[in-house]
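Enquirer: target00.cif is reproduced below (mmCIF, C-alpha atoms).
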```
data_model
loop_
_atom_site.label_atom_id
_atom_site.label_comp_id
_atom_site.auth_asym_id
_atom_site.auth_seq_id
_atom_site.Cartn_x
_atom_site.Cartn_y
_atom_site.Cartn_z
CA MET A 1 86.90 69.95 58.28
CA ILE A 2 84.45 67.11 57.44
CA ARG A 3 84.79 65.86 53.88
CA PRO A 4 81.58 66.21 51.73
CA ALA A 5 81.18 62.47 51.20
CA LEU A 6 81.43 61.80 54.91
CA ALA A 7 78.89 64.54 55.61
CA VAL A 8 76.42 62.97 53.17
CA LEU A 9 76.97 59.51 54.65
CA THR A 10 76.44 60.87 58.14
CA GLY A 11 73.23 62.55 57.05
CA LEU A 12 71.92 59.29 55.53
CA ILE A 13 72.69 57.42 58.72
CA LEU A 14 70.84 60.04 60.78
CA VAL A 15 67.81 59.90 58.48
CA ALA A 16 67.73 56.10 58.60
CA SER A 17 68.03 56.17 62.36
CA ALA A 18 65.17 58.65 62.62
CA ASP A 19 62.99 56.46 60.40
CA THR A 20 63.52 53.34 62.53
CA ARG A 21 63.20 55.12 65.90
CA PRO A 22 60.56 57.85 65.42
CA ASP A 23 59.88 58.21 69.15
CA THR A 24 63.49 58.87 70.14
CA LYS A 25 63.95 62.21 71.97
CA PRO A 26 67.26 63.96 72.70
CA GLU A 27 68.49 63.55 76.22
CA PRO A 28 68.00 66.64 78.38
CA ALA A 29 71.12 68.76 78.89
CA ASP A 30 73.06 68.09 82.05
CA LYS A 31 72.72 71.40 83.89
CA THR A 32 75.49 70.47 86.31
CA LYS A 33 78.06 70.67 83.52
CA ASN A 34 79.57 73.91 82.31
CA PRO A 35 78.86 75.06 78.74
CA PRO A 36 81.68 74.35 76.26
CA ALA A 37 84.63 76.72 76.51
CA ASP A 38 83.90 78.09 73.05
CA ALA A 39 80.19 78.69 73.74
CA PRO A 40 79.08 82.25 72.84
CA LEU A 41 79.14 84.68 75.75
CA LYS A 42 76.01 86.54 76.77
CA LEU A 43 76.78 90.23 77.13
CA PRO A 44 74.82 92.34 79.65
CA LYS A 45 72.82 95.24 78.24
CA GLU A 46 75.19 97.84 79.65
CA TRP A 47 78.27 96.23 78.04
CA ASP A 48 79.47 97.96 74.88
CA PRO A 49 80.11 95.20 72.30
CA LYS A 50 83.15 97.20 71.17
CA ASP A 51 84.78 96.91 74.60
CA PRO A 52 87.35 94.12 74.94
CA LEU A 53 86.67 90.96 76.89
CA PRO A 54 89.31 88.95 78.78
CA ILE A 55 91.36 86.85 76.37
CA VAL A 56 90.82 83.58 78.27
CA LYS A 57 87.06 83.19 78.63
CA GLY A 58 86.70 80.60 81.38
CA ASN A 59 83.78 79.91 83.67
CA CYS A 60 84.61 82.92 85.88
CA VAL A 61 84.21 85.26 82.92
CA ARG A 62 81.01 83.59 81.79
CA CYS A 63 79.33 83.93 85.19
CA HIS A 64 80.63 87.32 86.28
CA LEU A 65 79.85 88.93 82.95
CA THR A 66 76.14 88.89 83.76
CA ALA A 67 76.39 88.98 87.58
CA GLY A 68 76.10 92.77 87.64
CA ARG A 69 77.58 95.71 89.53
CA GLU A 70 80.77 95.00 91.48
CA LEU A 71 80.92 91.41 90.22
CA THR A 72 81.09 92.42 86.55
CA ALA A 73 83.31 95.50 86.87
CA PRO A 74 86.52 93.44 87.41
CA LEU A 75 86.13 91.89 83.96
CA ARG A 76 86.11 95.30 82.32
CA ASP A 77 89.18 96.31 84.34
CA PHE A 78 91.02 93.05 83.68
CA ALA A 79 90.55 93.02 79.89
CA ARG A 80 93.80 94.09 78.21
CA SER A 81 95.59 94.44 81.54
CA VAL A 82 99.15 93.11 81.78
CA HIS A 83 97.90 89.85 83.28
CA ASP A 84 95.20 89.45 80.63
CA LEU A 85 97.74 90.00 77.84
CA ALA A 86 99.85 87.27 79.48
CA HIS A 87 96.78 84.96 79.21
CA LEU A 88 96.31 84.64 82.95
CA THR A 89 92.82 83.86 84.20
CA CYS A 90 90.79 84.74 87.29
CA SER A 91 91.67 81.41 88.89
CA ASP A 92 95.41 82.09 88.62
CA CYS A 93 94.98 84.65 91.41
CA HIS A 94 91.68 83.69 93.05
CA GLY A 95 91.90 79.91 92.78
CA GLY A 96 88.67 77.92 92.51
CA ASP A 97 87.16 75.20 90.38
CA THR A 98 87.49 76.00 86.68
CA GLU A 99 85.53 72.93 85.61
CA ASN A 100 82.25 73.17 87.51
CA ASP A 101 80.40 76.39 88.30
CA ALA A 102 78.63 74.83 91.29
CA THR A 103 81.92 74.35 93.16
CA ALA A 104 83.84 77.29 91.70
CA HIS A 105 84.06 79.07 95.07
CA GLU A 106 84.79 76.05 97.26
CA SER A 107 87.95 76.06 99.39
CA GLU A 108 88.80 72.47 98.46
CA HIS A 109 89.52 73.79 94.97
CA GLY A 110 91.90 76.41 96.31
CA PHE A 111 89.48 79.34 96.17
CA ILE A 112 90.88 82.26 98.19
CA GLY A 113 88.42 84.98 97.19
CA THR A 114 89.69 88.39 98.26
CA LYS A 115 91.87 87.32 101.20
CA MET A 116 94.63 89.93 101.08
CA SER A 117 97.47 87.94 102.63
CA ALA A 118 96.87 85.09 100.20
CA HIS A 119 96.89 87.45 97.23
CA MET A 120 100.11 89.14 98.32
CA ALA A 121 101.68 85.69 98.63
CA ALA A 122 100.48 84.96 95.09
CA CYS A 123 102.06 88.19 93.81
CA ALA A 124 105.36 87.18 95.43
CA SER A 125 105.23 83.68 93.95
CA CYS A 126 105.10 85.05 90.40
CA HIS A 127 107.33 88.07 91.04
CA PRO A 128 110.00 86.76 93.44
CA SER A 129 112.72 89.32 92.59
CA GLU A 130 110.32 92.23 93.10
CA ALA A 131 109.11 90.71 96.36
CA LYS A 132 112.68 90.24 97.58
CA SER A 133 113.51 93.84 96.72
CA PHE A 134 110.38 95.17 98.38
CA ALA A 135 111.18 93.23 101.56
CA THR A 136 114.13 95.59 102.09
CA SER A 137 111.90 98.66 101.93
CA LYS A 138 110.52 100.71 104.80
CA HIS A 139 107.11 100.09 103.24
CA TYR A 140 107.34 96.34 103.82
CA ARG A 141 105.36 94.49 106.43
CA ASP A 142 105.18 90.73 106.97
CA LEU A 143 101.48 90.07 106.31
CA SER A 144 101.68 86.69 108.03
CA LYS A 145 101.76 88.71 111.26
CA GLY A 146 98.53 90.46 110.38
CA ILE A 147 97.22 93.12 108.02
CA ASN A 148 98.18 96.68 108.83
CA ARG A 149 96.78 99.27 106.40
CA ASP A 150 99.45 101.78 107.47
CA TYR A 151 101.75 99.78 105.20
CA PRO A 152 101.14 99.69 101.44
CA VAL A 153 100.80 96.39 99.60
CA CYS A 154 101.24 95.52 95.92
CA LEU A 155 97.72 96.51 94.87
CA ASP A 156 98.02 99.98 96.43
CA CYS A 157 100.50 100.98 93.73
CA HIS A 158 99.82 98.49 90.94
CA GLY A 159 96.07 98.02 91.22
CA ASN A 160 94.54 94.57 91.17
CA HIS A 161 92.46 93.71 88.11
CA ASP A 162 93.68 96.67 86.07
CA ILE A 163 97.44 96.14 86.49
CA GLY A 164 99.19 97.94 83.65
CA ARG A 165 95.89 99.50 82.61
CA PRO A 166 95.08 102.10 85.27
CA PRO A 167 91.86 104.10 85.07
CA PRO A 168 91.80 107.64 83.64
CA GLY A 169 92.98 110.17 86.18
CA PHE A 170 95.09 107.65 88.14
CA SER A 171 98.34 109.08 89.43
CA MET A 172 101.11 107.52 91.49
CA THR A 173 101.84 110.97 92.92
CA ASN A 174 98.38 110.95 94.49
CA VAL A 175 98.94 107.44 95.88
CA CYS A 176 102.21 108.47 97.52
CA SER A 177 100.71 111.75 98.77
CA ASP A 178 97.95 109.88 100.57
CA CYS A 179 100.48 109.00 103.26
CA HIS A 180 103.29 111.46 102.58
CA LYS A 181 101.57 114.84 102.71
CA LYS A 182 104.79 116.70 101.82
CA PHE A 183 105.91 114.10 99.31
CA GLU A 184 107.90 116.34 96.94
CA LYS A 185 109.63 118.20 99.76
CA ASP A 186 110.44 115.19 101.94
CA PHE A 187 111.34 112.72 99.16
CA PRO A 188 112.51 114.74 96.13
CA LEU A 189 114.24 111.84 94.34
CA ALA A 190 111.27 109.49 94.70
CA ALA A 191 108.90 112.29 93.72
CA ALA A 192 110.90 112.94 90.55
CA VAL A 193 110.75 109.26 89.54
CA VAL A 194 107.03 109.11 90.25
CA ALA A 195 106.34 112.31 88.29
CA GLU A 196 108.14 111.02 85.19
CA ASN A 197 106.30 107.71 85.38
CA ASP A 198 102.97 109.47 85.82
CA ARG A 199 103.66 111.35 82.60
CA LEU A 200 104.67 108.13 80.83
CA SER A 201 101.54 106.35 82.09
CA LYS A 202 99.34 109.20 80.87
CA VAL A 203 100.88 109.03 77.40
CA LEU A 204 100.58 105.24 77.33
CA LEU A 205 96.88 105.51 78.13
CA GLN A 206 96.45 107.78 75.10
CA VAL A 207 98.43 105.35 72.95
CA HIS A 208 96.36 102.40 74.12
CA ALA A 209 93.13 104.29 73.46
CA LYS A 210 94.34 105.01 69.92
CA ASN A 211 95.44 101.42 69.42
CA LYS A 212 92.66 99.71 71.41
CA ASP A 213 91.69 97.21 68.71
CA ALA A 214 95.18 95.69 68.64
CA ALA A 215 95.82 92.51 70.64
CA GLU A 216 98.82 94.33 72.18
CA PRO A 217 97.95 98.04 72.44
CA THR A 218 101.55 99.16 72.98
CA PRO A 219 103.14 99.53 69.51
CA ALA A 220 105.74 96.84 68.89
CA ALA A 221 108.56 99.37 68.48
CA PHE A 222 108.10 100.52 72.08
CA ILE A 223 107.33 97.32 73.99
CA ARG A 224 110.91 96.50 74.97
CA GLU A 225 111.74 100.05 76.08
CA VAL A 226 108.53 100.34 78.12
CA ALA A 227 109.45 97.11 79.90
CA LYS A 228 112.98 98.33 80.63
CA VAL A 229 111.76 101.62 82.06
CA ARG A 230 109.16 99.82 84.19
CA VAL A 231 111.72 97.35 85.54
CA GLY A 232 114.20 100.10 86.31
CA THR A 233 111.54 102.12 88.07
CA ALA A 234 110.41 99.13 90.11
CA LYS A 235 113.94 98.38 91.27
CA LEU A 236 114.30 101.91 92.60
CA MET A 237 110.80 102.37 94.01
CA HIS A 238 110.61 98.99 95.73
CA HIS A 239 113.66 100.00 97.81
CA THR A 240 112.49 103.61 98.41
CA ASP A 241 115.26 104.31 100.94
CA LYS A 242 118.10 103.40 98.56
CA LEU A 243 117.55 105.92 95.77
CA SER A 244 120.65 107.66 94.44
CA ALA A 245 120.76 110.94 92.53
CA ASP A 246 122.65 109.42 89.59
CA GLU A 247 120.31 106.43 89.22
CA THR A 248 117.28 108.67 89.49
CA LYS A 249 118.63 111.08 86.86
CA THR A 250 119.43 108.27 84.39
CA LEU A 251 116.06 106.58 84.80
CA ASN A 252 114.11 109.82 84.54
CA ALA A 253 115.93 110.78 81.34
CA ARG A 254 115.03 107.40 79.84
CA ALA A 255 111.37 107.66 80.88
CA HIS A 256 111.19 111.23 79.56
CA LYS A 257 112.66 110.24 76.18
CA LEU A 258 110.25 107.31 75.90
CA ALA A 259 107.24 109.52 76.65
CA ASP A 260 108.44 111.99 74.01
CA SER A 261 108.72 109.17 71.45
CA LEU A 262 105.24 107.90 72.24
CA GLU A 263 103.82 111.40 71.89
CA GLU A 264 105.50 111.65 68.47
CA TRP A 265 103.89 108.30 67.55
CA LEU A 266 100.50 109.73 68.51
CA ARG A 267 101.05 112.75 66.28
CA THR A 268 101.72 110.49 63.29
CA GLN A 269 98.48 108.54 63.69
CA LYS A 270 95.38 109.54 61.74
#
```
Show me this structure written as structure tokens.

Expert:
Amino acid sequence: MIRPALAVLTGLILVASADTRPDTKPEPADKTKNPPADAPLKLPKEWDPKDPLPIVKGNCVRCHLTAGRELTAPLRDFARSVHDLAHLTCSDCHGGDTENDATAHESEHGFIGTKMSAHMAACASCHPSEAKSFATSKHYRDLSKGINRDYPVCLDCHGNHDIGRPPPGFSMTNVCSDCHKKFEKDFPLAAAVVAENDRLSKVLLQVHAKNKDAAEPTPAAFIREVAKVRVGTAKLMHHTDKLSADETKTLNARAHKLADSLEEWLRTQK
């Protein structure tokens, strides 16, 4: 904070300068430079001011916020997602120039856009244990050999911008059933795990809606247990063909108990 005396002295200097150079005009703004990082964001008309914005408000957020339609929607999805809460930014996954808007999408700054193989490699670089586990699954395909949509990739189950914050009505059972038409009959253990996690996800969405103004919408008392259930589920589901009845039963009991506790939390909120 500027001390009062210094502020007065600065003001006197500015007045004196103005008196001796009355024709001096401010230099025009350099339009090639990005606005300061803390510059106010311009919200589009359709954006509810009560809706959260991404925590890190870099040049991607500033431009895409007013770009419209499919270019703005990812910001709404990303806000309060797992990656947003971890303070990741658009460029952490998409690459690009974070300093200058004019070259934000240039390949020399590592911009990869929506190239699927590059994004799956990025997922694996941050989540190596999950990637290693998934590589043993029947669902796995080496994307360096080409994209084959008969095989699921990370975003098919986890989403992309809305990871950890799926849209209303989302269900993993529906995702699995897209390919496995008799999912519950053919894969009863996997179906049981998915059903319990669908219930947990539904309750978490209600909790987050109730607690939406909090920086972390999952109540502190439940964060660790949610993480443990998610990790346990991932270890089983990434293998798919290595599920055991005992492991499935233990994990489902834990997910069920957690969902019950979260529902009790909801009942105590006004």

Enquirer: Need the axis-aligned box for range 55-73 of chain A with 5 Å each side, so what are the centre and edges in Å to one decimal, as JSON?

Expert:
```
{"center_x": 83.7, "center_y": 87.8, "center_z": 83.9, "size_x": 25.3, "size_y": 25.8, "size_z": 25.1}
```

Enquirer: Identify all residues satisfying the PyMOL selection byres ((chain A and resi 67-81) around 10) in the given file; provide them as number ranges by chain.

Expert: A: 44, 46-47, 51-56, 60-66, 82-90, 159-167, 208, 212, 214-217

Enquirer: Determine the residue set returned by the PyMOL selection byres ((chain A and resi 175-182) around 9) for the present structure, and present it as a ChimeraX atom specification.

Expert: /A:150,156-157,170-174,183-187,191,194

Enquirer: To one decimal in Å, tell me the separation between CA of Leu243 in chain A and CA of Ser117 in chain A.

Expert: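 CA of Leu243 in chain A sits 27.8 Å away from CA of Ser117 in chain A.
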
Enquirer: Give me, as JSON lines, the closest atom pair and its distance (Å, one decimal) for every residue of range 97-206 of chain A within a cut-off of 9 Å of range 263-270 of chain A, counting all atoms listed in the file, rows sorted by chain and rising number.

Expert:
```
{"residue": "A:Val203", "atom": "CA", "partner": "A:Glu263", "partner_atom": "CA", "distance": 6.7}
{"residue": "A:Leu204", "atom": "CA", "partner": "A:Glu263", "partner_atom": "CA", "distance": 8.8}
{"residue": "A:Gln206", "atom": "CA", "partner": "A:Leu266", "partner_atom": "CA", "distance": 8.0}
```

Enquirer: Report, in Å to a single decimal, how far apart CA of Val207 in chain A and CA of Pro168 in chain A are.

Expert: 12.8 Å

Enquirer: Skip Met120 in chain A itself and residues of its chain fewer than 4 positions away, then list as JSON, numbers by chain all residues within 7 Å of it, counting all atoms listed in the file.

Expert: {"A": [116, 124, 154]}

Enquirer: Would you write out those residues with C-alpha atoms, as a PDB file, in the coordinates of the input?

Expert:
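What landed in out15.pdb:
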```
ATOM      1  CA  MET A 116      94.630  89.930 101.080  1.00  0.00           C
ATOM      2  CA  ALA A 124     105.360  87.180  95.430  1.00  0.00           C
ATOM      3  CA  CYS A 154     101.240  95.520  95.920  1.00  0.00           C
TER       4      CYS A 154
END
```

Enquirer: A:Leu189, A:Ala209, A:Leu258, A:Asp142: which is nearest Arg224 in chain A, counting only C-alpha atoms?

Expert: A:Leu258

Enquirer: Once the PyMOL selection byres ((chain A and resi 109) around 7) has been applied to the shown file, what residues remain in the selection, as an NGL selection string?

Expert: :A and (95-97 or 106-108 or 110-111)

Enquirer: Can you list, as a tab-separated table (two decimals) with C-alpha atoms, keeping the file's coordinate frame, every protein, DNA or RNA residue that comes within 7 Å of range 247-253 of chain A when you count only C-alpha atoms, leaving out same-chain residues fewer than 5 positions away?

Expert:
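out-v6.tsv was written with the following content:
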```tsv
chain	number	residue	atom	x	y	z
A	189	LEU	CA	114.24	111.84	94.34
A	193	VAL	CA	110.75	109.26	89.54
A	196	GLU	CA	108.14	111.02	85.19
A	232	GLY	CA	114.20	100.10	86.31
```

Enquirer: For Pro188 in chain A, which residue out of A:Leu205, A:Ala245, A:Leu262, A:Ile147 is the nearest one, using only C-alpha atoms?

Expert: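 For Pro188 in chain A, the nearest of the candidates is A:Ala245.
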
Enquirer: To one decimal place, how far is CA of Asp260 in chain A from CA of Ile223 in chain A in Å?

Expert: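 Atom-to-atom, CA of Asp260 in chain A and CA of Ile223 in chain A are spaced 14.7 Å apart.
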